[in-house]
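One structure below.
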Number of protein chains: 2
Amino acid sequence: MPATIEFFYDYGSPYAYIADWLLPGLRERTGAEIRHRPMLLGGLFKATGNASPITESCAPKRAYFSKTLQRWVAFHGLPFRMNPSFPINTITLMRMAVAAQRDGVFATYHPAVFKAMWVDGVDMGDPAELARVLTAAGLDAAALAAAAGEEEVKAGLKAATEEAARRGAFGAPTFFVGDEIFWGHDHMGLIEARIAGRLPAVA
Amino acid sequence: MPATIEFFYDYGSPYAYIADWLLPGLRERTGAEIRHRPMLLGGLFKATGNASPITESCAPKRAYFSKTLQRWVAFHGLPFRMNPSFPINTITLMRMAVAAQRDGVFATYHPAVFKAMWVDGVDMGDPAELARVLTAAGLDAAALAAAAGEEEVKAGLKAATEEAARRGAFGAPTFFVGDEIFWGHDHMGLIEARIAGRLPAVA
């Protein structure tokens with residue numbers, strides 16, 4: 001049976017964007033199934049006492065993060081532009097992702113949102129800009145906006161975020177292979193080695 | 001002219017140990033010259049307002065660090081054992097490294113200390129244990145102990161630590177290629193790409 005990699009992410013994280021870009025290669029090389037698990041990173045930070053790297057209090061560390069994000073993007077050859085509106089409140093985007101999974105439009109929704117955020121620099125916290133992006137992608141923006149307001153969808157996102165915290169996540173992107181947690185696009189090589197049996201289990 | 005990689009490290013950091021293990025391969029693949037730059041990690045933390053990962057206040061993040069250290073060790077196939085006396089005050093070890101460079105015994109001193117710390121689990125903060133390790137490596141333990149007390153040597157370590165802080169370092173291992181800073185054994189691939197010209201300069 002092929003392994004399953006659960007990918008907990010938030011569209012607001014540029015590191016999750018890098019990870020998302022790398023996932024097809026990981027899937028190809030491991031034969032694993034990828035399960036996209038939208039969560040609310042702000043909620044996870046709150047639940048775990050963690051904070052965004054942009055609030056890092058050590059100034060040279062914060063400077064390093066910013067430089068190195070640019071380097072990883074160049075390293076992997078991704079299209080990328082730092083979003084001028086960063087950080088963006090992503091709760092609607094993440095609720096829409098839950099709805100899009102339920103309603104069968106995730107395969108269109110997901111890449112459109114990541115691209116708008118991290119390639120086109122759109123202010124996705126602005127409802128009008130968001131609607132424009134969704135419409136341009138061929139999605140029903142009004143239907144997604146309505147779905148994002150449904151109790152079931154809101155509860156779904158909350159449950160996923162709580163599940164991530166319960167399983168040991170504290171940031172994004174976070175991956176699970178069974179009970180084993182992996183954090184960060186720069187640790188995806190460990191996932192590959194683990195699935196290939198070159199690493200022992202560390203749960 | 002081949003590139004020079006400055007490697008700022010402290011024997012107390014298991015990540016610096018991993019980096020040290022990976023340096024020969026990096027040197028071989030890039031043709032770069034490696035310059036070992038002993039510094040006092042505790043002093044760097046103090047100078048920059050950073051802190052050891054073991055003091056990380058987010059409990060799941062701390063747990064992740066610990067798990068993932070084991071994974072990287074397995075990933076790279078290193079001999080490794082978490083030092084039961086960790087964290088160890090390394091000021092004498094680092095001063096001895098400065099003296100060993102000056103006195104031409106660094107090539108023996110350096111691997112012996114890293115091995116005692118991270119393979120043999122020796123309490124290297126204990127002067128008797130330290131002397132035993134140095135003697136077993138064929139070094140003059142008394143001469144190194146005396147050198148570690150010299151003002152010149154003490155000032156040399158202090159200057160290197162201050163230089164690291166001034167150039168943007170905040171942890172270990174830290175690498176410089178010219179003015180460009182790289183942090184962490186897990187970012188050594190970026191150094192390689194940079195020297196090979198596959199990354200733009202990000203100073």
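Chain labels run A, B, ... following the order of the structure tokens; each chain numbers its residues from 1, and ligands are numbered from 1 in the order shown.
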
* To do: Could you list the residues in chain A lying within 6 Å of chain B, using only C-alpha atoms, and format the result as a ChimeraX atom specification?
  => /A:49-50,58,60,168

* To do: Extract the full set of alpha helix (DSSP H) residues from chain B according to DSSP on the backbone, and format it as a PyMOL selection string.
  => chain B and resi 14-30+41-48+59-76+91-103+106-118+127-136+141-148+151-166+188-195

* Asked: Leaving out stretch 142-150 of chain B and any residue of its chain fewer than 6 positions from it, which residues lie within 9 Å of it when counting only C-alpha atoms, given as a list in words?
  -> Thr92, Leu93, Met94, Arg95, Met96, Ala97, Val98, Ala99, Ala100, Pro127, Ala131 and Leu134 of chain B

Dump of N, CA, C and O atoms for the selected residues, as a PDB file, in the first residue's frame:
```pdb
ATOM      1  N   THR B  92      36.273  26.752  27.431  1.00  0.00           N
ATOM      2  CA  THR B  92      37.655  26.244  27.403  1.00  0.00           C
ATOM      3  C   THR B  92      37.936  25.512  26.089  1.00  0.00           C
ATOM      4  O   THR B  92      39.003  25.696  25.479  1.00  0.00           O
ATOM      5  N   LEU B  93      36.962  24.725  25.652  1.00  0.00           N
ATOM      6  CA  LEU B  93      37.141  23.998  24.384  1.00  0.00           C
ATOM      7  C   LEU B  93      37.362  24.958  23.223  1.00  0.00           C
ATOM      8  O   LEU B  93      38.175  24.695  22.326  1.00  0.00           O
ATOM      9  N   MET B  94      36.611  26.052  23.223  1.00  0.00           N
ATOM     10  CA  MET B  94      36.709  26.994  22.109  1.00  0.00           C
ATOM     11  C   MET B  94      38.008  27.800  22.183  1.00  0.00           C
ATOM     12  O   MET B  94      38.630  28.082  21.156  1.00  0.00           O
ATOM     13  N   ARG B  95      38.409  28.142  23.410  1.00  0.00           N
ATOM     14  CA  ARG B  95      39.712  28.826  23.549  1.00  0.00           C
ATOM     15  C   ARG B  95      40.840  27.900  23.119  1.00  0.00           C
ATOM     16  O   ARG B  95      41.785  28.319  22.437  1.00  0.00           O
ATOM     17  N   MET B  96      40.732  26.640  23.494  1.00  0.00           N
ATOM     18  CA  MET B  96      41.756  25.680  23.062  1.00  0.00           C
ATOM     19  C   MET B  96      41.789  25.558  21.544  1.00  0.00           C
ATOM     20  O   MET B  96      42.861  25.356  20.955  1.00  0.00           O
ATOM     21  N   ALA B  97      40.615  25.677  20.897  1.00  0.00           N
ATOM     22  CA  ALA B  97      40.581  25.595  19.428  1.00  0.00           C
ATOM     23  C   ALA B  97      41.368  26.753  18.821  1.00  0.00           C
ATOM     24  O   ALA B  97      42.124  26.571  17.857  1.00  0.00           O
ATOM     25  N   VAL B  98      41.187  27.943  19.393  1.00  0.00           N
ATOM     26  CA  VAL B  98      41.932  29.118  18.918  1.00  0.00           C
ATOM     27  C   VAL B  98      43.437  28.886  19.104  1.00  0.00           C
ATOM     28  O   VAL B  98      44.234  29.134  18.191  1.00  0.00           O
ATOM     29  N   ALA B  99      43.795  28.360  20.276  1.00  0.00           N
ATOM     30  CA  ALA B  99      45.206  28.076  20.545  1.00  0.00           C
ATOM     31  C   ALA B  99      45.732  26.983  19.615  1.00  0.00           C
ATOM     32  O   ALA B  99      46.859  27.075  19.096  1.00  0.00           O
ATOM     33  N   ALA B 100      44.926  25.970  19.385  1.00  0.00           N
ATOM     34  CA  ALA B 100      45.342  24.856  18.525  1.00  0.00           C
ATOM     35  C   ALA B 100      45.597  25.336  17.098  1.00  0.00           C
ATOM     36  O   ALA B 100      46.517  24.857  16.425  1.00  0.00           O
ATOM     37  N   PRO B 127      37.351  19.107  33.402  1.00  0.00           N
ATOM     38  CA  PRO B 127      38.763  19.251  32.995  1.00  0.00           C
ATOM     39  C   PRO B 127      39.519  17.925  32.947  1.00  0.00           C
ATOM     40  O   PRO B 127      40.371  17.735  32.064  1.00  0.00           O
ATOM     41  N   ALA B 131      41.171  16.475  29.583  1.00  0.00           N
ATOM     42  CA  ALA B 131      42.605  16.166  29.526  1.00  0.00           C
ATOM     43  C   ALA B 131      42.815  14.727  29.038  1.00  0.00           C
ATOM     44  O   ALA B 131      43.708  14.453  28.234  1.00  0.00           O
ATOM     45  N   LEU B 134      42.272  14.627  25.258  1.00  0.00           N
ATOM     46  CA  LEU B 134      43.366  15.264  24.512  1.00  0.00           C
ATOM     47  C   LEU B 134      44.617  14.379  24.518  1.00  0.00           C
ATOM     48  O   LEU B 134      45.265  14.206  23.484  1.00  0.00           O
TER      49      LEU B 134
END
```

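The two atoms in question, atom CA of A:Gly156 and atom CA of A:Tyr17, are spaced 21.8 Å apart.
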
* **Nearest residue to A:Asn89 from the set A:Ile54, A:Ala159, A:Ala116, A:Leu40 (distances using only C-alpha atoms)** =>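 Distance minimum relative to A:Asn89 lands on A:Leu40.
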
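Considering only stretch 25-175 of chain A, backbone DSSP assigns strand (DSSP E or B) to Glu33, Ile34, Arg35, His36, Arg37, Pro38, Thr174 and Phe175 of chain A.
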
* Have a look at B:Met188, B:Leu139, B:Leu157, B:Ile195 and name the one nearest to B:Gly25; count only C-alpha atoms. =>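 Counting only C-alpha atoms, the residue closest to B:Gly25 is B:Met188.
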
* Nearby residues (only C-alpha atoms) at most 9 Å from A:Ile18, same-chain spacing under 2 positions excluded, as an MDAnalysis selection string -> chainID A and resid 13:16 20:23 72:73 76 78 185

* Counting only C-alpha atoms, what is within 7 Å of B:Gly12, bar same-chain residues fewer than 2 positions away, as number ranges by chain? -> B: 10, 14, 87-88, 90

Selection to disk with all heavy atoms, as a CSV table (one decimal), in the first residue's frame:
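result23.csv, freshly written:
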```
chain,number,residue,atom,x,y,z
B,10,ASP,N,30.7,26.0,17.2
B,10,ASP,CA,31.0,25.8,18.7
B,10,ASP,C,30.9,24.2,18.8
B,10,ASP,O,29.9,23.7,18.3
B,10,ASP,CB,30.0,26.5,19.5
B,10,ASP,CG,30.2,26.4,21.0
B,10,ASP,OD1,30.4,25.3,21.5
B,10,ASP,OD2,30.3,27.5,21.7
B,14,PRO,N,25.2,20.3,18.4
B,14,PRO,CA,25.2,19.0,17.6
B,14,PRO,C,25.0,19.3,16.1
B,14,PRO,O,25.4,18.5,15.2
B,14,PRO,CB,24.0,18.3,18.2
B,14,PRO,CG,23.2,19.3,18.9
B,14,PRO,CD,24.1,20.4,19.3
B,87,PRO,N,23.5,20.6,28.1
B,87,PRO,CA,24.5,21.4,27.4
B,87,PRO,C,25.8,21.6,28.3
B,87,PRO,O,25.7,21.7,29.5
B,87,PRO,CB,23.8,22.8,27.3
B,87,PRO,CG,22.8,22.8,28.5
B,87,PRO,CD,22.4,21.4,28.7
B,88,ILE,N,26.9,21.7,27.6
B,88,ILE,CA,28.2,21.8,28.2
B,88,ILE,C,28.8,23.2,28.0
B,88,ILE,O,28.6,23.7,26.9
B,88,ILE,CB,29.1,20.7,27.6
B,88,ILE,CG1,28.7,19.3,28.2
B,88,ILE,CG2,30.6,21.0,27.9
B,88,ILE,CD1,29.4,18.1,27.5
B,90,THR,N,31.4,25.4,26.9
B,90,THR,CA,32.4,25.1,25.9
B,90,THR,C,33.5,26.2,25.9
B,90,THR,O,34.4,26.1,25.0
B,90,THR,CB,31.8,24.9,24.5
B,90,THR,OG1,31.1,26.1,24.2
B,90,THR,CG2,30.9,23.7,24.4
```

At a cut-off of 8 Å, using only C-alpha atoms, what residues contact B:Glu6? Leave out same-chain residues fewer than 4 positions from it and give the result as a PDB file with all heavy atoms, in the first residue's frame.
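Now in out.pdb:
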```
ATOM      1  N   ILE B  34      38.002  25.698   3.116  1.00  0.00           N
ATOM      2  CA  ILE B  34      37.213  25.813   4.348  1.00  0.00           C
ATOM      3  C   ILE B  34      38.074  26.469   5.423  1.00  0.00           C
ATOM      4  O   ILE B  34      39.189  26.005   5.680  1.00  0.00           O
ATOM      5  CB  ILE B  34      36.748  24.434   4.865  1.00  0.00           C
ATOM      6  CG1 ILE B  34      36.115  23.582   3.748  1.00  0.00           C
ATOM      7  CG2 ILE B  34      35.808  24.608   6.064  1.00  0.00           C
ATOM      8  CD1 ILE B  34      34.803  24.049   3.232  1.00  0.00           C
ATOM      9  N   ARG B  35      37.566  27.514   6.024  1.00  0.00           N
ATOM     10  CA  ARG B  35      38.271  28.132   7.158  1.00  0.00           C
ATOM     11  C   ARG B  35      37.464  27.902   8.416  1.00  0.00           C
ATOM     12  O   ARG B  35      36.336  28.412   8.542  1.00  0.00           O
ATOM     13  CB  ARG B  35      38.415  29.650   6.957  1.00  0.00           C
ATOM     14  CG  ARG B  35      39.601  30.036   6.093  1.00  0.00           C
ATOM     15  CD  ARG B  35      39.822  31.558   6.145  1.00  0.00           C
ATOM     16  NE  ARG B  35      40.197  32.012   7.493  1.00  0.00           N
ATOM     17  CZ  ARG B  35      40.057  33.267   7.926  1.00  0.00           C
ATOM     18  NH1 ARG B  35      39.522  34.181   7.144  1.00  0.00           N
ATOM     19  NH2 ARG B  35      40.427  33.600   9.145  1.00  0.00           N
ATOM     20  N   HIS B  36      38.022  27.158   9.356  1.00  0.00           N
ATOM     21  CA  HIS B  36      37.334  26.896  10.621  1.00  0.00           C
ATOM     22  C   HIS B  36      37.452  28.106  11.527  1.00  0.00           C
ATOM     23  O   HIS B  36      38.567  28.563  11.801  1.00  0.00           O
ATOM     24  CB  HIS B  36      37.931  25.672  11.298  1.00  0.00           C
ATOM     25  CG  HIS B  36      37.559  24.390  10.627  1.00  0.00           C
ATOM     26  ND1 HIS B  36      38.147  23.965   9.457  1.00  0.00           N
ATOM     27  CD2 HIS B  36      36.633  23.456  10.945  1.00  0.00           C
ATOM     28  CE1 HIS B  36      37.605  22.816   9.087  1.00  0.00           C
ATOM     29  NE2 HIS B  36      36.685  22.477   9.967  1.00  0.00           N
ATOM     30  N   ARG B  37      36.342  28.620  11.995  1.00  0.00           N
ATOM     31  CA  ARG B  37      36.313  29.810  12.830  1.00  0.00           C
ATOM     32  C   ARG B  37      35.658  29.490  14.175  1.00  0.00           C
ATOM     33  O   ARG B  37      34.434  29.631  14.329  1.00  0.00           O
ATOM     34  CB  ARG B  37      35.514  30.928  12.127  1.00  0.00           C
ATOM     35  CG  ARG B  37      36.026  31.342  10.730  1.00  0.00           C
ATOM     36  CD  ARG B  37      37.374  32.035  10.766  1.00  0.00           C
ATOM     37  NE  ARG B  37      37.467  33.059  11.769  1.00  0.00           N
ATOM     38  CZ  ARG B  37      37.198  34.360  11.586  1.00  0.00           C
ATOM     39  NH1 ARG B  37      36.795  34.788  10.399  1.00  0.00           N
ATOM     40  NH2 ARG B  37      37.334  35.221  12.568  1.00  0.00           N
ATOM     41  N   PHE B 175      27.890  29.941   8.220  1.00  0.00           N
ATOM     42  CA  PHE B 175      28.890  29.960   7.148  1.00  0.00           C
ATOM     43  C   PHE B 175      28.866  31.326   6.476  1.00  0.00           C
ATOM     44  O   PHE B 175      27.805  31.920   6.319  1.00  0.00           O
ATOM     45  CB  PHE B 175      28.544  28.920   6.078  1.00  0.00           C
ATOM     46  CG  PHE B 175      28.297  27.546   6.633  1.00  0.00           C
ATOM     47  CD1 PHE B 175      27.033  27.177   7.067  1.00  0.00           C
ATOM     48  CD2 PHE B 175      29.333  26.628   6.737  1.00  0.00           C
ATOM     49  CE1 PHE B 175      26.801  25.911   7.591  1.00  0.00           C
ATOM     50  CE2 PHE B 175      29.106  25.360   7.255  1.00  0.00           C
ATOM     51  CZ  PHE B 175      27.838  25.003   7.686  1.00  0.00           C
ATOM     52  N   PHE B 176      30.025  31.771   6.072  1.00  0.00           N
ATOM     53  CA  PHE B 176      30.092  32.963   5.220  1.00  0.00           C
ATOM     54  C   PHE B 176      30.839  32.601   3.942  1.00  0.00           C
ATOM     55  O   PHE B 176      31.878  31.932   3.986  1.00  0.00           O
ATOM     56  CB  PHE B 176      30.828  34.108   5.915  1.00  0.00           C
ATOM     57  CG  PHE B 176      30.049  34.725   7.043  1.00  0.00           C
ATOM     58  CD1 PHE B 176      30.275  34.335   8.357  1.00  0.00           C
ATOM     59  CD2 PHE B 176      29.067  35.674   6.783  1.00  0.00           C
ATOM     60  CE1 PHE B 176      29.542  34.888   9.399  1.00  0.00           C
ATOM     61  CE2 PHE B 176      28.330  36.234   7.829  1.00  0.00           C
ATOM     62  CZ  PHE B 176      28.570  35.842   9.135  1.00  0.00           C
ATOM     63  N   VAL B 177      30.289  33.058   2.843  1.00  0.00           N
ATOM     64  CA  VAL B 177      30.997  33.045   1.569  1.00  0.00           C
ATOM     65  C   VAL B 177      31.094  34.521   1.207  1.00  0.00           C
ATOM     66  O   VAL B 177      30.111  35.134   0.801  1.00  0.00           O
ATOM     67  CB  VAL B 177      30.237  32.247   0.497  1.00  0.00           C
ATOM     68  CG1 VAL B 177      30.999  32.285  -0.829  1.00  0.00           C
ATOM     69  CG2 VAL B 177      30.006  30.805   0.950  1.00  0.00           C
TER      70      VAL B 177
END
```

* Asked: Using only C-alpha atoms, which residues sit within 10 Å of B:Val133 once same-chain residues fewer than 4 positions away are excluded, as a VMD selection string?
  -> chain B and resid 109 112 to 113 115 to 116 122 124 127 to 129 137 to 139 141

Can you write out the residues you just picked, keeping all heavy atoms, as a JSON list (two decimals), in the first residue's frame?
```json
[["chain", "number", "residue", "atom", "x", "y", "z"],
["B", 109, "TYR", "N", 43.34, 18.27, 17.11],
["B", 109, "TYR", "CA", 42.45, 18.72, 18.17],
["B", 109, "TYR", "C", 40.97, 18.68, 17.74],
["B", 109, "TYR", "O", 40.11, 18.14, 18.45],
["B", 109, "TYR", "CB", 42.82, 20.15, 18.58],
["B", 109, "TYR", "CG", 41.91, 20.75, 19.62],
["B", 109, "TYR", "CD1", 42.08, 20.46, 20.98],
["B", 109, "TYR", "CD2", 40.87, 21.60, 19.26],
["B", 109, "TYR", "CE1", 41.24, 21.00, 21.95],
["B", 109, "TYR", "CE2", 40.02, 22.15, 20.22],
["B", 109, "TYR", "CZ", 40.21, 21.84, 21.55],
["B", 109, "TYR", "OH", 39.37, 22.36, 22.51],
["B", 112, "ALA", "N", 39.08, 15.31, 17.35],
["B", 112, "ALA", "CA", 39.07, 14.61, 18.64],
["B", 112, "ALA", "C", 37.99, 15.18, 19.56],
["B", 112, "ALA", "O", 37.29, 14.43, 20.26],
["B", 112, "ALA", "CB", 40.45, 14.71, 19.31],
["B", 113, "VAL", "N", 37.85, 16.50, 19.54],
["B", 113, "VAL", "CA", 36.86, 17.13, 20.43],
["B", 113, "VAL", "C", 35.44, 16.87, 19.93],
["B", 113, "VAL", "O", 34.55, 16.51, 20.71],
["B", 113, "VAL", "CB", 37.14, 18.64, 20.57],
["B", 113, "VAL", "CG1", 36.03, 19.32, 21.36],
["B", 113, "VAL", "CG2", 38.48, 18.86, 21.25],
["B", 115, "LYS", "N", 34.40, 14.37, 18.22],
["B", 115, "LYS", "CA", 34.09, 12.95, 18.44],
["B", 115, "LYS", "C", 33.78, 12.69, 19.92],
["B", 115, "LYS", "O", 32.82, 11.98, 20.25],
["B", 115, "LYS", "CB", 35.27, 12.09, 17.97],
["B", 115, "LYS", "CG", 35.06, 10.59, 18.19],
["B", 115, "LYS", "CD", 36.18, 9.77, 17.53],
["B", 115, "LYS", "CE", 35.98, 8.28, 17.76],
["B", 115, "LYS", "NZ", 36.18, 7.85, 19.15],
["B", 116, "ALA", "N", 34.59, 13.25, 20.80],
["B", 116, "ALA", "CA", 34.35, 13.04, 22.24],
["B", 116, "ALA", "C", 32.98, 13.57, 22.64],
["B", 116, "ALA", "O", 32.25, 12.95, 23.41],
["B", 116, "ALA", "CB", 35.45, 13.72, 23.05],
["B", 122, "VAL", "N", 31.34, 12.13, 26.05],
["B", 122, "VAL", "CA", 32.20, 12.55, 27.16],
["B", 122, "VAL", "C", 31.73, 13.91, 27.72],
["B", 122, "VAL", "O", 31.34, 14.78, 26.95],
["B", 122, "VAL", "CB", 33.67, 12.67, 26.69],
["B", 122, "VAL", "CG1", 34.58, 13.15, 27.82],
["B", 122, "VAL", "CG2", 34.16, 11.34, 26.11],
["B", 124, "MET", "N", 32.75, 16.97, 28.39],
["B", 124, "MET", "CA", 33.95, 17.74, 28.04],
["B", 124, "MET", "C", 34.04, 19.05, 28.84],
["B", 124, "MET", "O", 34.98, 19.82, 28.67],
["B", 124, "MET", "CB", 33.98, 18.02, 26.54],
["B", 124, "MET", "CG", 34.16, 16.76, 25.72],
["B", 124, "MET", "SD", 35.84, 16.06, 25.87],
["B", 124, "MET", "CE", 36.71, 17.04, 24.62],
["B", 127, "PRO", "N", 37.35, 19.11, 33.40],
["B", 127, "PRO", "CA", 38.76, 19.25, 33.00],
["B", 127, "PRO", "C", 39.52, 17.93, 32.95],
["B", 127, "PRO", "O", 40.37, 17.73, 32.06],
["B", 127, "PRO", "CB", 39.35, 20.16, 34.08],
["B", 127, "PRO", "CG", 38.17, 20.92, 34.62],
["B", 127, "PRO", "CD", 37.01, 20.00, 34.53],
["B", 128, "ALA", "N", 39.20, 17.01, 33.85],
["B", 128, "ALA", "CA", 39.90, 15.72, 33.86],
["B", 128, "ALA", "C", 39.53, 14.90, 32.62],
["B", 128, "ALA", "O", 40.40, 14.27, 31.99],
["B", 128, "ALA", "CB", 39.56, 14.94, 35.14],
["B", 129, "GLU", "N", 38.24, 14.89, 32.29],
["B", 129, "GLU", "CA", 37.78, 14.16, 31.11],
["B", 129, "GLU", "C", 38.39, 14.77, 29.83],
["B", 129, "GLU", "O", 38.83, 14.05, 28.94],
["B", 129, "GLU", "CB", 36.25, 14.21, 31.01],
["B", 129, "GLU", "CG", 35.55, 13.35, 32.05],
["B", 129, "GLU", "CD", 35.79, 11.88, 31.78],
["B", 129, "GLU", "OE1", 35.16, 11.33, 30.86],
["B", 129, "GLU", "OE2", 36.64, 11.29, 32.46],
["B", 137, "ALA", "N", 44.41, 11.54, 22.23],
["B", 137, "ALA", "CA", 44.56, 11.94, 20.82],
["B", 137, "ALA", "C", 46.01, 12.27, 20.49],
["B", 137, "ALA", "O", 46.32, 12.62, 19.35],
["B", 137, "ALA", "CB", 43.67, 13.15, 20.53],
["B", 138, "GLY", "N", 46.88, 12.18, 21.50],
["B", 138, "GLY", "CA", 48.29, 12.47, 21.25],
["B", 138, "GLY", "C", 48.64, 13.93, 21.42],
["B", 138, "GLY", "O", 49.71, 14.38, 20.99],
["B", 139, "LEU", "N", 47.75, 14.69, 22.06],
["B", 139, "LEU", "CA", 48.00, 16.12, 22.27],
["B", 139, "LEU", "C", 48.58, 16.37, 23.65],
["B", 139, "LEU", "O", 48.45, 15.53, 24.56],
["B", 139, "LEU", "CB", 46.69, 16.90, 22.11],
["B", 139, "LEU", "CG", 46.12, 16.90, 20.69],
["B", 139, "LEU", "CD1", 44.63, 17.19, 20.68],
["B", 139, "LEU", "CD2", 46.88, 17.91, 19.81],
["B", 141, "ALA", "N", 47.94, 17.96, 26.73],
["B", 141, "ALA", "CA", 46.78, 18.51, 27.43],
["B", 141, "ALA", "C", 47.16, 19.69, 28.32],
["B", 141, "ALA", "O", 46.44, 20.69, 28.37],
["B", 141, "ALA", "CB", 46.09, 17.41, 28.25]]
```
